[in-house]
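**Q** Encoded as structure tokens, here's the structure I'll be asking about.
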Protein chains: 2
Amino acid sequence: MDETTLNLDKPTFADDKTVGIVGLGLIGGSLAKALKVNTANRVLGYDINPNVVKQALAEDVLDATLALSETNGLQSGAPSAQLHECDMILIALYPEATIDFVRANWDKFKKGTVIIDCAGVKAEICAELSAQAAERDLYFVGGHPMTGIERTGYEHSFAHLFSGGTMILCRDEHTNIIALKAAEMLFTGIGFLKITITSAEEHDRVIAFTSQLPHVVAGAFIRSETVKQQLGFSAGSYQDLTRVAFLNEPMWTELFMANRQNLIAEIEGLRTRLEEYVQILEEGDEQKMLALLAEGKQAKQHYG
Amino acid sequence: MDETTLNLDKPTFADDKTVGIVGLGLIGGSLAKALKVNTANRVLGYDINPNVVKQALAEDVLDATLALSETNGLQSGAPSAQLHECDMILIALYPEATIDFVRANWDKFKKGTVIIDCAGVKAEICAELSAQAAERDLYFVGGHPMTGIERTGYEHSFAHLFSGGTMILCRDEHTNIIALKAAEMLFTGIGFLKITITSAEEHDRVIAFTSQLPHVVAGAFIRSETVKQQLGFSAGSYQDLTRVAFLNEPMWTELFMANRQNLIAEIEGLRTRLEEYVQILEEGDEQKMLALLAEGKQAKQHYG
């Protein structure tokens with residue numbers, strides 16, 4: 001792969017490019033808004049719901065619709081543009097839809113286009129797309145913005161969703177380093193404070209713990225019968241632990257299923273560690289409980 | 001029991017009373033500061049650490065030390081007062097120390113004194129103190145301010161710790177209703193938004209779920225080996241779930257042990273519910289996962 005085929009002449013993402021966004025939900029909508037607020041790039045957008053596209057155009061969040069089909073995105077009179085006009089494409093769809101979208105459009109991307117997805121699991125997507133993109137002189141980077149909130153859809157999107165957050169980017173042997181750098185610059189430019197570069201496999205393994213397990217625990221926790229009495233008996237720790245029980249269940253089902261083995265291992269690990277507390281309580285062993293709680297406290301102090 | 005022996009002529013806590021606070025840690029220190037900010041009552045305080053008492057006097061958080069022993073609280077020249085001067089006594093100690101303090105001082109309280117404790121478990125304390133107080137024409141009310149933060153000690157106390165929070169008060173067949181009302185008025189007056197009146201047994205059962213279980217889960221969660229990789233891979237859900245892993249481990253050990261049966265039942269319930277997620281992941285059954293996640297989401301919407 002010849003790095004000079006990348007339509008970027010230095011390792012920054014300049015302000016005069018065309019960025020296409022596929023999927024204008026919470027993440028895609030916020031990406032479009034953040035690009036508009038922070039850069040002078042031309043922003044194109046597509047959503048399966050034409051009303052969302054109309055709204056984004058009316059709000060000047062998009063410069064034009066991204067016409068992915070003859071029937072969608074081509075509302076009468078609305079400015080529209082084609083995939084091959086994009087220098088960078090940001091895909092903000094669920095995992096399977098991400099793979100389907102790229103597969104269906106291999107021939108429509110311009111050579112040198114940087115394609116970045118935003119799905120919450122990475123191994124399957126990167127395995128499917130990274131090598132195949134490179135073969136076609138396209139530059140695929142798997143991404144995961146760690147900035148979700150417990151709401152979904154364009155109507156909840158906002159330009160500062162990413163401010164201070166972490167963006168994870170995945171690299172493998174097919175990754176073009178200039179494309180990766182361009183992605184890094186773009187995401188830093190729209191508000192991310194930290195960019196984590198890792199492998200897709202490491203991403204999925206760690207995210208099973210840091211992100212998926214809290215969503216499992218929140219749901220498992222709140223499904224206690226005792227929750228019916230919680231009103232008047234709860235404070236911050238209950239509120240914090242249960243916050244993400246309110247989630248987008250189709251999306252999280254897909255994310256969990258795509259990362260089953262890692263997630264099962266983390267849930268089983270947690271169940272084993274919970275059993276330690278039960279045993280110590282049954283024994284009534286205060287010294288052991290002190291030691292266990294101190295261990296958790298130290299981990300929180302050390303690992304944040 | 002004759003309610004007229006209570007030194008309060010109406011069901012409010014007037015501004016001209018003397019309130020003694022035993023234990024000037026996060027809760028006791030904040031109680032003293034909140035009383036000073038919000039009321040004109042005379043505030044007396046005791047702490048096992050004489051430097052804390054000195055500091056509170058210097059900061060005008062206390063009007064005088066509460067002299068509980070000949071050696072403590074009687075620093076040269078510092079204003080000091082006796083337990084029998086108190087109309088109300090707020091005890092902000094650990095559970096066992098709470099019982100020990102009251103037992104050691106039965107004869108020193110003035111008849112009609114309202115005694116309220118602030119420990120996080122209630123059944124044992126109320127069983128030990130409520131009936132015995134009533135026999136002595138003292139009015140005991142078990143209390144639990146649901147306003148902890150993950151810091152301890154007078155140096156972290158502040159007048160607005162209770163603002164907007166919930167105060168739980170326990171009643172039983174020995175509870176004097178005017179004393180209970182006085183407690184309610186006092187706590188509302190220093191910032192609590194909600195007063196929950198319940199039994200000690202109900203308190204302990206529900207609190208095992210709403211407060212103790214989140215502290216167990218936070219510690220069990222963060223003790224995963226994967227935590228060593230969390231930096232750069234975590235966001236809000238991780239932070240929220242692990243926040244209370246940083247805790248006062250001697251206090252929580254005592255609270256857990258005093259409520260063992262309820263806490264064991266809640267941990268085991270959570271372990272069972274977590275196992276459901278594992279089974280569904282192993283089966284790869286997306287419909288079942290959707291249903292489970294929807295159940296958690298609905299519980300969060302319904303029960304808050």
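Within each chain, counting starts at residue 1; across the structure tokens, chains are named A, B, ... in the order shown, with ligands numbered 1 upward in that order.
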Could you superpose chain B on chain A by least squares over every Cα, matched in sequence order, and send it back as a CSV table (one decimal) with C-alpha atoms, in the first residue's frame?

**A**
```csv
chain,number,residue,atom,x,y,z
B,1,MET,CA,0.0,0.0,-0.1
B,2,ASP,CA,1.3,3.4,-1.2
B,3,GLU,CA,0.7,6.0,1.4
B,4,THR,CA,0.8,8.8,-1.2
B,5,THR,CA,-2.5,7.6,-2.5
B,6,LEU,CA,-4.1,9.0,0.6
B,7,ASN,CA,-5.7,12.4,-0.2
B,8,LEU,CA,-4.1,14.0,2.7
B,9,ASP,CA,-0.7,15.6,2.3
B,10,LYS,CA,0.2,15.9,6.0
B,11,PRO,CA,-0.8,14.1,9.2
B,12,THR,CA,-3.6,16.5,10.1
B,13,PHE,CA,-7.1,16.7,8.9
B,14,ALA,CA,-7.4,20.0,7.1
B,15,ASP,CA,-10.5,22.2,7.2
B,16,ASP,CA,-11.2,22.0,3.5
B,17,LYS,CA,-12.3,18.4,3.3
B,18,THR,CA,-15.6,16.7,2.8
B,19,VAL,CA,-16.8,14.5,5.6
B,20,GLY,CA,-19.7,12.1,5.2
B,21,ILE,CA,-21.6,10.9,8.2
B,22,VAL,CA,-23.7,7.7,7.9
B,23,GLY,CA,-26.3,7.4,10.6
B,24,LEU,CA,-27.5,10.6,12.3
B,25,GLY,CA,-28.4,9.3,15.8
B,26,LEU,CA,-26.9,10.4,19.1
B,27,ILE,CA,-23.3,9.8,17.9
B,28,GLY,CA,-23.7,10.7,14.2
B,29,GLY,CA,-25.8,13.8,14.9
B,30,SER,CA,-23.3,14.9,17.5
B,31,LEU,CA,-20.4,14.3,15.1
B,32,ALA,CA,-22.1,16.5,12.5
B,33,LYS,CA,-22.8,19.2,15.0
B,34,ALA,CA,-19.3,19.0,16.4
B,35,LEU,CA,-17.8,19.3,13.0
B,36,LYS,CA,-19.9,22.3,12.2
B,37,VAL,CA,-19.0,24.0,15.4
B,38,ASN,CA,-15.3,23.2,15.4
B,39,THR,CA,-14.2,23.0,11.7
B,40,ALA,CA,-14.9,24.5,8.3
B,41,ASN,CA,-15.2,21.1,6.6
B,42,ARG,CA,-18.1,20.3,4.3
B,43,VAL,CA,-20.4,18.0,6.2
B,44,LEU,CA,-22.7,15.5,4.4
B,45,GLY,CA,-25.1,13.2,6.2
B,46,TYR,CA,-27.3,10.2,5.7
B,47,ASP,CA,-30.0,8.7,7.9
B,48,ILE,CA,-32.5,6.0,7.3
B,49,ASN,CA,-35.1,8.4,8.5
B,50,PRO,CA,-35.5,11.2,5.9
B,51,ASN,CA,-37.1,13.5,8.5
B,52,VAL,CA,-33.8,13.5,10.5
B,53,VAL,CA,-31.9,14.5,7.4
B,54,LYS,CA,-34.4,17.3,6.7
B,55,GLN,CA,-34.1,18.6,10.2
B,56,ALA,CA,-30.3,18.5,10.1
B,57,LEU,CA,-30.3,20.4,6.8
B,58,ALA,CA,-32.8,22.9,8.2
B,59,GLU,CA,-30.5,23.4,11.3
B,60,ASP,CA,-27.4,23.9,9.0
B,61,VAL,CA,-25.9,20.8,10.7
B,62,LEU,CA,-25.4,19.4,7.2
B,63,ASP,CA,-24.3,21.1,4.0
B,64,ALA,CA,-26.0,18.4,1.9
B,65,THR,CA,-27.6,15.0,2.2
B,66,LEU,CA,-25.5,12.0,1.3
B,67,ALA,CA,-27.5,10.3,-1.4
B,68,LEU,CA,-27.0,6.6,-0.7
B,69,SER,CA,-30.0,5.4,-2.7
B,70,GLU,CA,-32.3,6.8,-5.3
B,71,THR,CA,-35.2,7.2,-2.9
B,72,ASN,CA,-33.5,8.4,0.2
B,73,GLY,CA,-31.7,11.6,0.9
B,74,LEU,CA,-32.9,13.2,-2.4
B,75,GLN,CA,-35.8,15.3,-1.2
B,76,SER,CA,-37.0,17.8,-3.7
B,77,GLY,CA,-34.7,20.8,-3.8
B,78,ALA,CA,-32.5,19.6,-0.9
B,79,PRO,CA,-28.8,19.8,-1.7
B,80,SER,CA,-27.4,16.3,-2.2
B,81,ALA,CA,-24.0,14.8,-2.7
B,82,GLN,CA,-22.5,11.4,-3.5
B,83,LEU,CA,-20.3,9.1,-1.4
B,84,HIS,CA,-17.3,9.6,-3.8
B,85,GLU,CA,-17.2,13.2,-2.9
B,86,CYS,CA,-16.1,12.3,0.7
B,87,ASP,CA,-12.5,12.5,1.9
B,88,MET,CA,-13.6,10.9,5.1
B,89,ILE,CA,-16.6,8.9,6.1
B,90,LEU,CA,-17.7,8.5,9.6
B,91,ILE,CA,-20.1,5.6,10.2
B,92,ALA,CA,-22.3,5.8,13.2
B,93,LEU,CA,-24.4,2.6,12.9
B,94,TYR,CA,-24.8,-0.6,14.9
B,95,PRO,CA,-22.1,-3.2,14.2
B,96,GLU,CA,-23.8,-5.4,11.6
B,97,ALA,CA,-25.2,-2.4,9.8
B,98,THR,CA,-21.7,-0.9,9.7
B,99,ILE,CA,-20.4,-4.0,7.9
B,100,ASP,CA,-23.4,-4.1,5.6
B,101,PHE,CA,-23.0,-0.5,4.7
B,102,VAL,CA,-19.3,-0.7,3.8
B,103,ARG,CA,-19.7,-4.0,1.9
B,104,ALA,CA,-22.6,-2.5,-0.1
B,105,ASN,CA,-20.6,0.5,-1.1
B,106,TRP,CA,-17.0,-0.7,-1.8
B,107,ASP,CA,-17.3,0.6,-5.3
B,108,LYS,CA,-18.7,4.0,-4.5
B,109,PHE,CA,-15.9,5.3,-2.3
B,110,LYS,CA,-13.2,7.4,-3.8
B,111,LYS,CA,-9.7,6.0,-3.6
B,112,GLY,CA,-7.9,7.2,-0.5
B,113,THR,CA,-11.0,7.8,1.5
B,114,VAL,CA,-10.5,7.4,5.3
B,115,ILE,CA,-13.4,5.3,6.6
B,116,ILE,CA,-13.9,5.3,10.4
B,117,ASP,CA,-16.7,3.4,12.2
B,118,CYS,CA,-18.0,4.2,15.7
B,119,ALA,CA,-19.5,0.9,16.8
B,120,GLY,CA,-18.9,-0.3,20.4
B,121,VAL,CA,-17.3,-3.6,19.4
B,122,LYS,CA,-14.3,-3.8,17.1
B,123,ALA,CA,-12.9,-7.3,16.4
B,124,GLU,CA,-15.5,-8.5,13.9
B,125,ILE,CA,-15.8,-5.2,12.1
B,126,CYS,CA,-12.0,-4.7,11.8
B,127,ALA,CA,-11.5,-8.3,10.7
B,128,GLU,CA,-14.2,-7.8,8.0
B,129,LEU,CA,-13.2,-4.4,6.8
B,130,SER,CA,-9.6,-3.5,7.4
B,131,ALA,CA,-7.8,-5.8,5.0
B,132,GLN,CA,-10.5,-5.4,2.3
B,133,ALA,CA,-10.3,-1.6,2.5
B,134,ALA,CA,-6.5,-1.7,2.1
B,135,GLU,CA,-6.8,-3.9,-1.0
B,136,ARG,CA,-9.0,-1.2,-2.5
B,137,ASP,CA,-6.8,1.7,-1.5
B,138,LEU,CA,-9.2,2.8,1.1
B,139,TYR,CA,-8.2,3.5,4.7
B,140,PHE,CA,-10.3,1.9,7.3
B,141,VAL,CA,-9.9,2.7,11.0
B,142,GLY,CA,-12.0,1.1,13.7
B,143,GLY,CA,-13.2,3.7,16.2
B,144,HIS,CA,-15.2,3.8,19.4
B,145,PRO,CA,-16.2,7.2,21.0
B,146,MET,CA,-16.4,6.5,24.8
B,147,THR,CA,-19.0,9.2,25.3
B,148,GLY,CA,-22.4,7.6,25.3
B,149,ILE,CA,-25.2,8.9,27.3
B,150,GLU,CA,-28.3,7.0,28.3
B,151,ARG,CA,-30.4,8.6,25.5
B,152,THR,CA,-30.5,7.9,21.8
B,153,GLY,CA,-31.4,9.6,18.5
B,154,TYR,CA,-30.6,12.8,16.7
B,155,GLU,CA,-32.9,14.8,19.0
B,156,HIS,CA,-30.5,14.2,21.9
B,157,SER,CA,-27.3,14.9,19.9
B,158,PHE,CA,-25.2,17.9,20.7
B,159,ALA,CA,-22.0,19.4,19.6
B,160,HIS,CA,-20.2,19.0,22.9
B,161,LEU,CA,-21.0,15.3,23.5
B,162,PHE,CA,-17.3,14.5,22.9
B,163,SER,CA,-15.7,17.3,25.0
B,164,GLY,CA,-13.2,15.9,27.3
B,165,GLY,CA,-13.9,12.3,26.3
B,166,THR,CA,-11.8,9.4,25.1
B,167,MET,CA,-11.8,8.2,21.5
B,168,ILE,CA,-10.5,4.7,20.9
B,169,LEU,CA,-8.9,3.9,17.5
B,170,CYS,CA,-7.9,0.4,16.5
B,171,ARG,CA,-4.9,-0.4,14.3
B,172,ASP,CA,-3.7,-3.6,12.7
B,173,GLU,CA,-1.2,-4.6,10.1
B,174,HIS,CA,-3.4,-3.0,7.4
B,175,THR,CA,-3.8,0.4,9.1
B,176,ASN,CA,-2.4,3.4,7.2
B,177,ILE,CA,-0.5,5.5,9.7
B,178,ILE,CA,-1.3,8.8,8.0
B,179,ALA,CA,-5.0,7.9,7.9
B,180,LEU,CA,-4.8,7.0,11.6
B,181,LYS,CA,-3.1,10.3,12.3
B,182,ALA,CA,-5.7,12.2,10.3
B,183,ALA,CA,-8.4,10.5,12.4
B,184,GLU,CA,-6.6,11.4,15.6
B,185,MET,CA,-6.4,15.0,14.5
B,186,LEU,CA,-10.1,15.1,13.5
B,187,PHE,CA,-11.3,13.7,16.8
B,188,THR,CA,-9.1,15.9,18.9
B,189,GLY,CA,-10.3,18.8,16.9
B,190,ILE,CA,-14.0,18.1,17.7
B,191,GLY,CA,-13.4,17.9,21.5
B,192,PHE,CA,-11.9,14.6,22.5
B,193,LEU,CA,-9.3,14.9,25.2
B,194,LYS,CA,-7.7,11.6,24.8
B,195,ILE,CA,-7.1,9.2,21.9
B,196,THR,CA,-6.4,5.6,22.8
B,197,ILE,CA,-4.7,3.5,20.1
B,198,THR,CA,-5.1,-0.2,20.5
B,199,SER,CA,-5.9,-3.4,18.7
B,200,ALA,CA,-9.5,-4.5,18.0
B,201,GLU,CA,-9.0,-7.6,20.2
B,202,GLU,CA,-7.6,-5.7,23.1
B,203,HIS,CA,-10.5,-3.1,22.7
B,204,ASP,CA,-13.1,-5.8,22.9
B,205,ARG,CA,-11.5,-7.6,25.9
B,206,VAL,CA,-11.1,-4.4,28.0
B,207,ILE,CA,-14.5,-2.9,26.9
B,208,ALA,CA,-16.3,-6.0,28.1
B,209,PHE,CA,-15.2,-4.9,31.6
B,210,THR,CA,-15.2,-1.1,31.5
B,211,SER,CA,-18.4,-0.6,29.5
B,212,GLN,CA,-20.4,-3.7,28.9
B,213,LEU,CA,-20.2,-5.2,32.4
B,214,PRO,CA,-21.6,-1.9,34.0
B,215,HIS,CA,-24.6,-2.1,31.7
B,216,VAL,CA,-25.2,-5.8,32.6
B,217,VAL,CA,-24.8,-5.0,36.3
B,218,ALA,CA,-27.1,-2.0,36.3
B,219,GLY,CA,-29.9,-4.1,34.8
B,220,ALA,CA,-29.2,-7.2,37.0
B,221,PHE,CA,-29.1,-5.0,40.1
B,222,ILE,CA,-32.3,-3.1,39.5
B,223,ARG,CA,-34.2,-6.2,38.7
B,224,SER,CA,-34.3,-7.1,42.5
B,225,GLU,CA,-37.7,-7.4,43.9
B,226,THR,CA,-36.6,-4.9,46.6
B,227,VAL,CA,-36.5,-2.1,44.1
B,228,LYS,CA,-40.2,-1.7,44.6
B,229,GLN,CA,-39.3,-0.3,48.0
B,230,GLN,CA,-36.4,1.9,47.0
B,231,LEU,CA,-38.2,5.2,47.0
B,232,GLY,CA,-37.2,7.1,50.2
B,233,PHE,CA,-34.3,4.6,50.9
B,234,SER,CA,-31.8,5.4,48.2
B,235,ALA,CA,-29.1,7.9,47.6
B,236,GLY,CA,-26.2,8.5,45.3
B,237,SER,CA,-24.7,5.0,45.2
B,238,TYR,CA,-28.0,3.5,44.0
B,239,GLN,CA,-28.6,6.2,41.4
B,240,ASP,CA,-25.0,5.9,40.1
B,241,LEU,CA,-25.1,2.2,39.8
B,242,THR,CA,-28.5,2.0,38.1
B,243,ARG,CA,-28.1,4.9,35.7
B,244,VAL,CA,-27.2,2.8,32.6
B,245,ALA,CA,-30.0,0.3,33.2
B,246,PHE,CA,-31.8,2.8,31.0
B,247,LEU,CA,-30.3,1.9,27.7
B,248,ASN,CA,-30.9,1.3,24.0
B,249,GLU,CA,-31.7,-2.4,24.3
B,250,PRO,CA,-31.4,-3.4,20.6
B,251,MET,CA,-28.0,-1.8,20.4
B,252,TRP,CA,-26.7,-3.3,23.6
B,253,THR,CA,-28.0,-6.7,22.7
B,254,GLU,CA,-26.0,-6.6,19.5
B,255,LEU,CA,-22.9,-5.3,21.3
B,256,PHE,CA,-23.2,-8.0,24.0
B,257,MET,CA,-23.7,-10.8,21.5
B,258,ALA,CA,-20.8,-9.6,19.3
B,259,ASN,CA,-18.5,-9.8,22.4
B,260,ARG,CA,-20.0,-12.8,24.1
B,261,GLN,CA,-16.9,-14.6,25.2
B,262,ASN,CA,-15.2,-11.6,26.8
B,263,LEU,CA,-18.4,-10.5,28.5
B,264,ILE,CA,-19.2,-14.0,29.9
B,265,ALA,CA,-15.7,-14.1,31.4
B,266,GLU,CA,-16.2,-10.7,33.1
B,267,ILE,CA,-19.6,-11.6,34.4
B,268,GLU,CA,-18.4,-14.9,35.8
B,269,GLY,CA,-15.4,-13.1,37.3
B,270,LEU,CA,-17.7,-10.7,39.1
B,271,ARG,CA,-20.0,-13.5,40.3
B,272,THR,CA,-17.0,-15.3,41.8
B,273,ARG,CA,-15.8,-12.1,43.5
B,274,LEU,CA,-19.3,-11.5,44.9
B,275,GLU,CA,-19.3,-15.0,46.3
B,276,GLU,CA,-16.3,-14.1,48.4
B,277,TYR,CA,-18.3,-11.4,50.2
B,278,VAL,CA,-21.1,-13.9,50.9
B,279,GLN,CA,-18.7,-16.4,52.4
B,280,ILE,CA,-17.1,-13.8,54.6
B,281,LEU,CA,-20.5,-12.5,55.7
B,282,GLU,CA,-21.5,-16.1,56.5
B,283,GLU,CA,-18.3,-16.6,58.5
B,284,GLY,CA,-18.8,-13.3,60.2
B,285,ASP,CA,-15.1,-12.7,59.7
B,286,GLU,CA,-14.5,-8.9,60.2
B,287,GLN,CA,-10.8,-9.1,59.4
B,288,LYS,CA,-11.4,-10.7,56.1
B,289,MET,CA,-14.1,-8.2,55.2
B,290,LEU,CA,-11.8,-5.3,56.1
B,291,ALA,CA,-9.1,-6.7,53.9
B,292,LEU,CA,-11.5,-7.2,50.9
B,293,LEU,CA,-12.9,-3.7,51.2
B,294,ALA,CA,-9.4,-2.3,51.5
B,295,GLU,CA,-8.4,-4.1,48.3
B,296,GLY,CA,-11.3,-2.5,46.5
B,297,LYS,CA,-10.5,0.9,47.9
B,298,GLN,CA,-6.9,0.6,46.8
B,299,ALA,CA,-7.9,-0.5,43.3
B,300,LYS,CA,-10.1,2.6,43.1
B,301,GLN,CA,-7.3,4.8,44.3
B,302,HIS,CA,-4.8,3.2,42.0
B,303,TYR,CA,-6.7,2.6,38.8
B,304,GLY,CA,-9.2,5.5,39.1
```

**Q** List every residue of range 19-250 of chain A that DSSP, applied to the backbone of this structure, places in alpha helix (DSSP H), and write the result as a PyMOL selection string.

**A** chain A and resi 26-38+50-58+95-105+123-135+177-189+200-207+213-222+236-242+249-250

**Q** Mind listing the strand (DSSP E) residues of range 84-256 of chain B, per DSSP on the backbone, as an mmCIF file with N, CA, C and O atoms, in the first residue's frame?

**A**
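Written file, states17.cif:
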```cif
data_model
loop_
_atom_site.group_PDB
_atom_site.id
_atom_site.type_symbol
_atom_site.label_atom_id
_atom_site.label_comp_id
_atom_site.auth_asym_id
_atom_site.auth_seq_id
_atom_site.Cartn_x
_atom_site.Cartn_y
_atom_site.Cartn_z
ATOM 1 N N MET B 88 -31.615 17.882 72.916
ATOM 2 C CA MET B 88 -31.554 16.857 71.875
ATOM 3 C C MET B 88 -30.098 16.423 71.726
ATOM 4 O O MET B 88 -29.191 17.255 71.786
ATOM 5 N N ILE B 89 -29.910 15.137 71.517
ATOM 6 C CA ILE B 89 -28.562 14.620 71.302
ATOM 7 C C ILE B 89 -28.534 13.870 69.981
ATOM 8 O O ILE B 89 -29.357 12.982 69.744
ATOM 9 N N LEU B 90 -27.608 14.266 69.130
ATOM 10 C CA LEU B 90 -27.435 13.596 67.842
ATOM 11 C C LEU B 90 -26.142 12.795 67.920
ATOM 12 O O LEU B 90 -25.076 13.349 68.170
ATOM 13 N N ILE B 91 -26.267 11.487 67.725
ATOM 14 C CA ILE B 91 -25.094 10.612 67.828
ATOM 15 C C ILE B 91 -24.641 10.231 66.428
ATOM 16 O O ILE B 91 -25.407 9.647 65.660
ATOM 17 N N VAL B 114 -34.412 14.173 73.591
ATOM 18 C CA VAL B 114 -34.604 13.415 72.349
ATOM 19 C C VAL B 114 -33.225 12.948 71.886
ATOM 20 O O VAL B 114 -32.330 13.764 71.680
ATOM 21 N N ILE B 115 -33.050 11.658 71.759
ATOM 22 C CA ILE B 115 -31.750 11.091 71.359
ATOM 23 C C ILE B 115 -31.923 10.447 69.989
ATOM 24 O O ILE B 115 -32.757 9.555 69.815
ATOM 25 N N ILE B 116 -31.160 10.896 69.022
ATOM 26 C CA ILE B 116 -31.256 10.370 67.653
ATOM 27 C C ILE B 116 -29.877 9.885 67.226
ATOM 28 O O ILE B 116 -28.890 10.607 67.362
ATOM 29 N N ASP B 117 -29.827 8.683 66.714
ATOM 30 C CA ASP B 117 -28.528 8.227 66.196
ATOM 31 C C ASP B 117 -28.542 8.336 64.672
ATOM 32 O O ASP B 117 -29.588 8.565 64.055
ATOM 33 N N TYR B 139 -36.354 9.935 74.874
ATOM 34 C CA TYR B 139 -37.033 9.666 73.609
ATOM 35 C C TYR B 139 -36.021 9.314 72.538
ATOM 36 O O TYR B 139 -35.345 10.180 72.013
ATOM 37 N N PHE B 140 -35.921 8.040 72.265
ATOM 38 C CA PHE B 140 -34.945 7.605 71.266
ATOM 39 C C PHE B 140 -35.606 7.467 69.897
ATOM 40 O O PHE B 140 -36.701 6.910 69.768
ATOM 41 N N VAL B 141 -34.906 7.978 68.874
ATOM 42 C CA VAL B 141 -35.343 7.806 67.485
ATOM 43 C C VAL B 141 -34.131 7.337 66.675
ATOM 44 O O VAL B 141 -33.089 7.995 66.667
ATOM 45 N N GLY B 142 -34.288 6.207 66.023
ATOM 46 C CA GLY B 142 -33.213 5.728 65.143
ATOM 47 C C GLY B 142 -33.240 6.503 63.837
ATOM 48 O O GLY B 142 -34.295 6.632 63.220
ATOM 49 N N GLY B 143 -32.079 7.017 63.412
ATOM 50 C CA GLY B 143 -32.032 7.817 62.184
ATOM 51 C C GLY B 143 -30.939 7.358 61.239
ATOM 52 O O GLY B 143 -29.997 6.671 61.651
ATOM 53 N N HIS B 144 -31.086 7.695 59.987
ATOM 54 C CA HIS B 144 -30.056 7.369 58.998
ATOM 55 C C HIS B 144 -30.086 8.433 57.891
ATOM 56 O O HIS B 144 -30.960 8.398 57.026
ATOM 57 N N PRO B 145 -29.132 9.375 57.932
ATOM 58 C CA PRO B 145 -29.058 10.367 56.856
ATOM 59 C C PRO B 145 -28.492 9.719 55.593
ATOM 60 O O PRO B 145 -27.386 9.183 55.623
ATOM 61 N N THR B 166 -32.308 12.651 51.777
ATOM 62 C CA THR B 166 -33.355 11.923 52.498
ATOM 63 C C THR B 166 -32.861 11.529 53.881
ATOM 64 O O THR B 166 -31.750 11.021 54.024
ATOM 65 N N MET B 167 -33.681 11.788 54.900
ATOM 66 C CA MET B 167 -33.393 11.334 56.262
ATOM 67 C C MET B 167 -34.390 10.249 56.610
ATOM 68 O O MET B 167 -35.602 10.455 56.498
ATOM 69 N N ILE B 168 -33.866 9.104 56.996
ATOM 70 C CA ILE B 168 -34.756 8.013 57.421
ATOM 71 C C ILE B 168 -34.869 8.034 58.945
ATOM 72 O O ILE B 168 -33.849 8.120 59.636
ATOM 73 N N LEU B 169 -36.078 7.965 59.446
ATOM 74 C CA LEU B 169 -36.321 7.892 60.887
ATOM 75 C C LEU B 169 -37.129 6.634 61.173
ATOM 76 O O LEU B 169 -38.064 6.312 60.439
ATOM 77 N N CYS B 170 -36.736 5.918 62.228
ATOM 78 C CA CYS B 170 -37.396 4.651 62.539
ATOM 79 C C CYS B 170 -38.314 4.804 63.739
ATOM 80 O O CYS B 170 -37.951 5.418 64.742
ATOM 81 N N LYS B 194 -36.492 15.226 52.175
ATOM 82 C CA LYS B 194 -37.462 14.150 52.354
ATOM 83 C C LYS B 194 -37.170 13.426 53.666
ATOM 84 O O LYS B 194 -36.011 13.138 53.970
ATOM 85 N N ILE B 195 -38.223 13.155 54.414
ATOM 86 C CA ILE B 195 -38.106 12.355 55.632
ATOM 87 C C ILE B 195 -38.872 11.059 55.394
ATOM 88 O O ILE B 195 -40.051 11.086 55.034
ATOM 89 N N THR B 196 -38.192 9.937 55.542
ATOM 90 C CA THR B 196 -38.843 8.631 55.412
ATOM 91 C C THR B 196 -39.036 8.051 56.808
ATOM 92 O O THR B 196 -38.062 7.904 57.546
ATOM 93 N N ILE B 197 -40.267 7.737 57.152
ATOM 94 C CA ILE B 197 -40.543 7.103 58.457
ATOM 95 C C ILE B 197 -40.798 5.628 58.203
ATOM 96 O O ILE B 197 -41.646 5.271 57.379
ATOM 97 N N THR B 198 -40.068 4.779 58.892
ATOM 98 C CA THR B 198 -40.183 3.337 58.644
ATOM 99 C C THR B 198 -39.858 2.577 59.926
ATOM 100 O O THR B 198 -39.594 3.186 60.962
#
```
